[in-house]
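A short worksheet on the structure shown next.
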Amino acid sequence: MEEPLLSPLEEIPFDEVLVALLNEDEVLDPIYLYRLSDINQDNLSQLMGIWEEINIIRRRALLEDLEQLTDSNHLLSFEPIFRYALKDLDDQVRFFATRAIEVFDTDDLVPFFLTVLDEEECVDVQAVTASVLGKYIYRGELDKLSPEVKKEIEDKLLGVLNSEGQDEVRRRALEAIS
């Protein structure tokens, strides 16, 4: 009887990935990035347990790299990591996570994004959030989002447009609602 074939990624112990993420002295081998795709809940919990210990520069680069992989290979999914990173303490990590999560069906995040427009202090994160909300406006036009939620988003973006807020955020809100 033949043994089932395992992909090389399944053979990499997740503990090895965590050690690599924490090792600031070594360049992160890209093979570890692939191991983060379709992460299960146990491994996600382990990653969350060390997240703040990962060097900030590495966390930023990690989110950027995962976003690029998502864009180039639609079979990969890093959505749970992006979701977790939306609440990172670092502005740039939140920025990358917000930008990256746009490709996923995340209608449940609409209330979170609406709150970000009100409470986020980083202009770049507010601006990218306004842009991401444009996807939901479009989904509403296609009747894939409830009219009530679409109206709530439109009202929020109109409020941003009529505010004295940052020009970049107002510009992105205008683009999103158009």
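Ordering of the structure tokens sets the chain letters (A, B, ...), residue numbers begin anew at 1 in every chain, and ligands are numbered from 1 in the order given.
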List every residue of segment 21-172 of chain A that DSSP, applied to the backbone, labels as alpha helix (DSSP H), and write the result as a PyMOL selection string. chain A and resi 21-22+31-35+41-50+56-72+79-85+91-101+110-119+123-141+147-161+167-172
May I ask for the distance between atom CA of Ile39 of chain A and atom CA of Asp90 of chain A, given in Å to one decimal place? 22.5 Å
List the neighbours of Ile50 of chain A out to 10 Å using only C-alpha atoms; skip same-chain residues closer than 6 positions along the sequence, and give me the result as a PyMOL selection string. chain A and resi 18-19+21-22
Ser146 of chain A: which residues within 12 Å, counting only C-alpha atoms, same-chain residues fewer than 4 positions away excluded, as a PyMOL selection string? chain A and resi 107-108+110+136-142+150-153
Nearest-residue call for Arg172 of chain A, choices A:Asp143, A:Asp91, A:Glu148, A:Asp124, using only C-alpha atoms: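 With only C-alpha atoms as the atom set, the closest residue is A:Asp124.
Separating atom CA of Ala20 of chain A from atom CA of Asn55 of chain A is a distance of 11.4 Å.
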Extract, using only C-alpha atoms, all DNA, RNA and protein residues at most 10 Å from Lys87 of chain A, discarding same-chain residues fewer than 6 positions from it, and format them as a list in words. Val93, Arg94, Ala97 and Thr98 of chain A
So that I can check the surroundings of Glu16 of chain A, please list as a PyMOL selection string every protein, DNA and RNA residue that reaches within 12 Å of it, counting only C-alpha atoms and ignoring chain neighbours fewer than 6 positions away. chain A and resi 9-10+22-23+28-29+31-33+35-36+43+46-47
Please produce a file of the residues just selected, as a CSV table (one decimal), in the first residue's frame, where the atoms kept are all heavy atoms.
chain,number,residue,atom,x,y,z
A,9,LEU,N,5.0,21.7,2.2
A,9,LEU,CA,4.5,22.6,3.2
A,9,LEU,C,3.9,21.9,4.4
A,9,LEU,O,4.1,22.4,5.5
A,9,LEU,CB,3.4,23.5,2.6
A,9,LEU,CG,3.9,24.4,1.4
A,9,LEU,CD1,2.8,25.3,0.9
A,9,LEU,CD2,5.1,25.3,1.9
A,10,GLU,N,3.2,20.8,4.2
A,10,GLU,CA,2.6,20.1,5.3
A,10,GLU,C,3.7,19.4,6.2
A,10,GLU,O,3.5,19.1,7.3
A,10,GLU,CB,1.7,19.0,4.8
A,10,GLU,CG,0.4,19.6,4.2
A,10,GLU,CD,-0.5,18.6,3.5
A,10,GLU,OE1,0.0,17.5,3.2
A,10,GLU,OE2,-1.6,18.9,3.3
A,22,LEU,N,10.4,34.8,14.5
A,22,LEU,CA,11.0,35.5,15.6
A,22,LEU,C,12.5,35.7,15.4
A,22,LEU,O,13.1,36.6,16.1
A,22,LEU,CB,10.8,34.7,16.9
A,22,LEU,CG,9.3,34.6,17.4
A,22,LEU,CD1,9.2,33.6,18.5
A,22,LEU,CD2,8.8,36.0,17.8
A,23,ASN,N,13.1,35.0,14.5
A,23,ASN,CA,14.6,35.1,14.3
A,23,ASN,C,14.9,36.3,13.5
A,23,ASN,O,14.8,36.3,12.2
A,23,ASN,CB,15.1,33.8,13.6
A,23,ASN,CG,16.6,33.8,13.6
A,23,ASN,OD1,17.3,34.8,13.8
A,23,ASN,ND2,17.1,32.7,13.2
A,28,LEU,N,13.8,35.8,6.3
A,28,LEU,CA,12.7,34.8,6.4
A,28,LEU,C,12.6,34.1,5.0
A,28,LEU,O,12.4,34.7,4.0
A,28,LEU,CB,11.4,35.5,6.7
A,28,LEU,CG,10.2,34.7,6.9
A,28,LEU,CD1,10.3,33.8,8.1
A,28,LEU,CD2,8.9,35.5,7.0
A,29,ASP,N,12.7,32.8,5.1
A,29,ASP,CA,12.6,31.9,3.9
A,29,ASP,C,11.2,32.0,3.4
A,29,ASP,O,10.2,31.8,4.2
A,29,ASP,CB,13.0,30.5,4.3
A,29,ASP,CG,13.1,29.6,3.1
A,29,ASP,OD1,12.4,29.8,2.1
A,29,ASP,OD2,13.9,28.7,3.1
A,31,ILE,N,9.4,30.0,1.9
A,31,ILE,CA,8.6,28.8,2.0
A,31,ILE,C,7.7,28.9,3.3
A,31,ILE,O,6.6,28.3,3.3
A,31,ILE,CB,9.5,27.5,2.1
A,31,ILE,CG1,8.7,26.3,1.9
A,31,ILE,CG2,10.3,27.5,3.4
A,31,ILE,CD1,8.2,26.0,0.5
A,32,TYR,N,8.2,29.6,4.3
A,32,TYR,CA,7.4,29.8,5.5
A,32,TYR,C,6.1,30.6,5.2
A,32,TYR,O,5.1,30.4,5.9
A,32,TYR,CB,8.2,30.4,6.6
A,32,TYR,CG,9.3,29.6,7.1
A,32,TYR,CD1,10.6,30.0,7.1
A,32,TYR,CD2,9.1,28.2,7.5
A,32,TYR,CE1,11.7,29.2,7.5
A,32,TYR,CE2,10.2,27.4,7.9
A,32,TYR,CZ,11.4,28.0,7.9
A,32,TYR,OH,12.5,27.2,8.4
A,33,LEU,N,6.1,31.5,4.3
A,33,LEU,CA,5.0,32.3,4.0
A,33,LEU,C,3.8,31.4,3.5
A,33,LEU,O,2.7,31.6,3.8
A,33,LEU,CB,5.3,33.4,2.9
A,33,LEU,CG,6.4,34.4,3.3
A,33,LEU,CD1,6.6,35.3,2.1
A,33,LEU,CD2,6.0,35.1,4.6
A,35,ARG,N,3.3,28.4,4.2
A,35,ARG,CA,2.8,27.6,5.3
A,35,ARG,C,1.8,28.3,6.1
A,35,ARG,O,1.0,27.7,6.8
A,35,ARG,CB,4.0,27.2,6.2
A,35,ARG,CG,3.7,26.3,7.4
A,35,ARG,CD,3.2,24.9,6.9
A,35,ARG,NE,3.0,24.0,8.0
A,35,ARG,CZ,2.0,24.0,8.9
A,35,ARG,NH1,1.0,24.8,8.7
A,35,ARG,NH2,2.0,23.1,9.9
A,36,LEU,N,1.7,29.6,5.9
A,36,LEU,CA,0.7,30.4,6.7
A,36,LEU,C,-0.6,30.5,5.9
A,36,LEU,O,-1.6,31.0,6.5
A,36,LEU,CB,1.3,31.9,6.9
A,36,LEU,CG,2.5,32.0,7.8
A,36,LEU,CD1,3.0,33.4,7.7
A,36,LEU,CD2,2.1,31.6,9.2
A,43,ASN,N,-3.0,26.8,14.9
A,43,ASN,CA,-1.8,27.5,14.4
A,43,ASN,C,-2.0,29.0,14.5
A,43,ASN,O,-1.0,29.7,14.8
A,43,ASN,CB,-1.4,27.0,13.0
A,43,ASN,CG,-0.9,25.6,12.9
A,43,ASN,OD1,-0.5,25.0,14.0
A,43,ASN,ND2,-0.8,25.1,11.8
A,46,GLN,N,-1.4,30.0,18.0
A,46,GLN,CA,0.0,30.0,18.3
A,46,GLN,C,0.7,31.3,17.7
A,46,GLN,O,1.5,31.9,18.4
A,46,GLN,CB,0.7,28.8,17.7
A,46,GLN,CG,0.4,27.5,18.4
A,46,GLN,CD,1.1,26.3,17.7
A,46,GLN,OE1,0.8,26.0,16.5
A,46,GLN,NE2,2.0,25.7,18.4
A,47,LEU,N,0.3,31.6,16.5
A,47,LEU,CA,0.9,32.8,15.8
A,47,LEU,C,0.4,34.1,16.6
A,47,LEU,O,1.3,35.0,16.9
A,47,LEU,CB,0.4,32.9,14.4
A,47,LEU,CG,0.9,34.2,13.6
A,47,LEU,CD1,2.4,34.2,13.5
A,47,LEU,CD2,0.2,34.2,12.2
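Proximity to Lys135 of chain A was assessed for A:Gln41, A:Thr106, A:Ser72, A:Gln92 counting only C-alpha atoms; the smallest distance is recorded for A:Thr106.
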So which residues touch Leu161 of chain A within 7 Å, counting only C-alpha atoms, skipping near sequence neighbours fewer than 4 positions away, as a PyMOL selection string? chain A and resi 157+170+173-174
Dump N, CA and C atoms for the selected residues as a compact mmCIF listing (two decimals), in the first residue's frame?
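Saved the output as out-v4.txt:
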# COMPACT_ATOMS: atom_id res chain seq x y z
N LEU A 157 -19.64 57.59 4.33
CA LEU A 157 -18.71 58.19 3.37
C LEU A 157 -19.11 59.63 3.02
N ARG A 170 -10.85 62.25 2.54
CA ARG A 170 -12.03 62.73 1.84
C ARG A 170 -11.98 62.34 0.36
N ALA A 173 -12.86 58.72 0.13
CA ALA A 173 -14.29 58.54 0.36
C ALA A 173 -15.07 58.89 -0.91
N LEU A 174 -14.67 59.95 -1.59
CA LEU A 174 -15.33 60.35 -2.83
C LEU A 174 -15.17 59.26 -3.90
Between A:Phe95, A:Phe14, A:Phe112, A:Phe104, single out the one closest to Val128 of chain A, counting only C-alpha atoms.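 Checking each candidate against Val128 of chain A, we get A:Phe95 as the closest.
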Rounded to one decimal, what separation in Å do you get between atom CA of Glu102 of chain A and atom CA of Asp38 of chain A?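 For atom CA of Glu102 of chain A relative to atom CA of Asp38 of chain A, the distance reads 16.8 Å.
Distance annotation: of A:Asp105, A:Tyr84, A:Glu154, A:Pro13, the residue with the minimal separation from Gly49 of chain A is A:Tyr84; atom set is only C-alpha atoms.
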From the options A:Glu120, A:Glu67, A:Glu175, A:Asp88, which residue's atoms come nearest to Ile101 of chain A, counting only C-alpha atoms?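 Of A:Glu120, A:Glu67, A:Glu175, A:Asp88, the one nearest Ile101 of chain A is A:Glu67, counting only C-alpha atoms.
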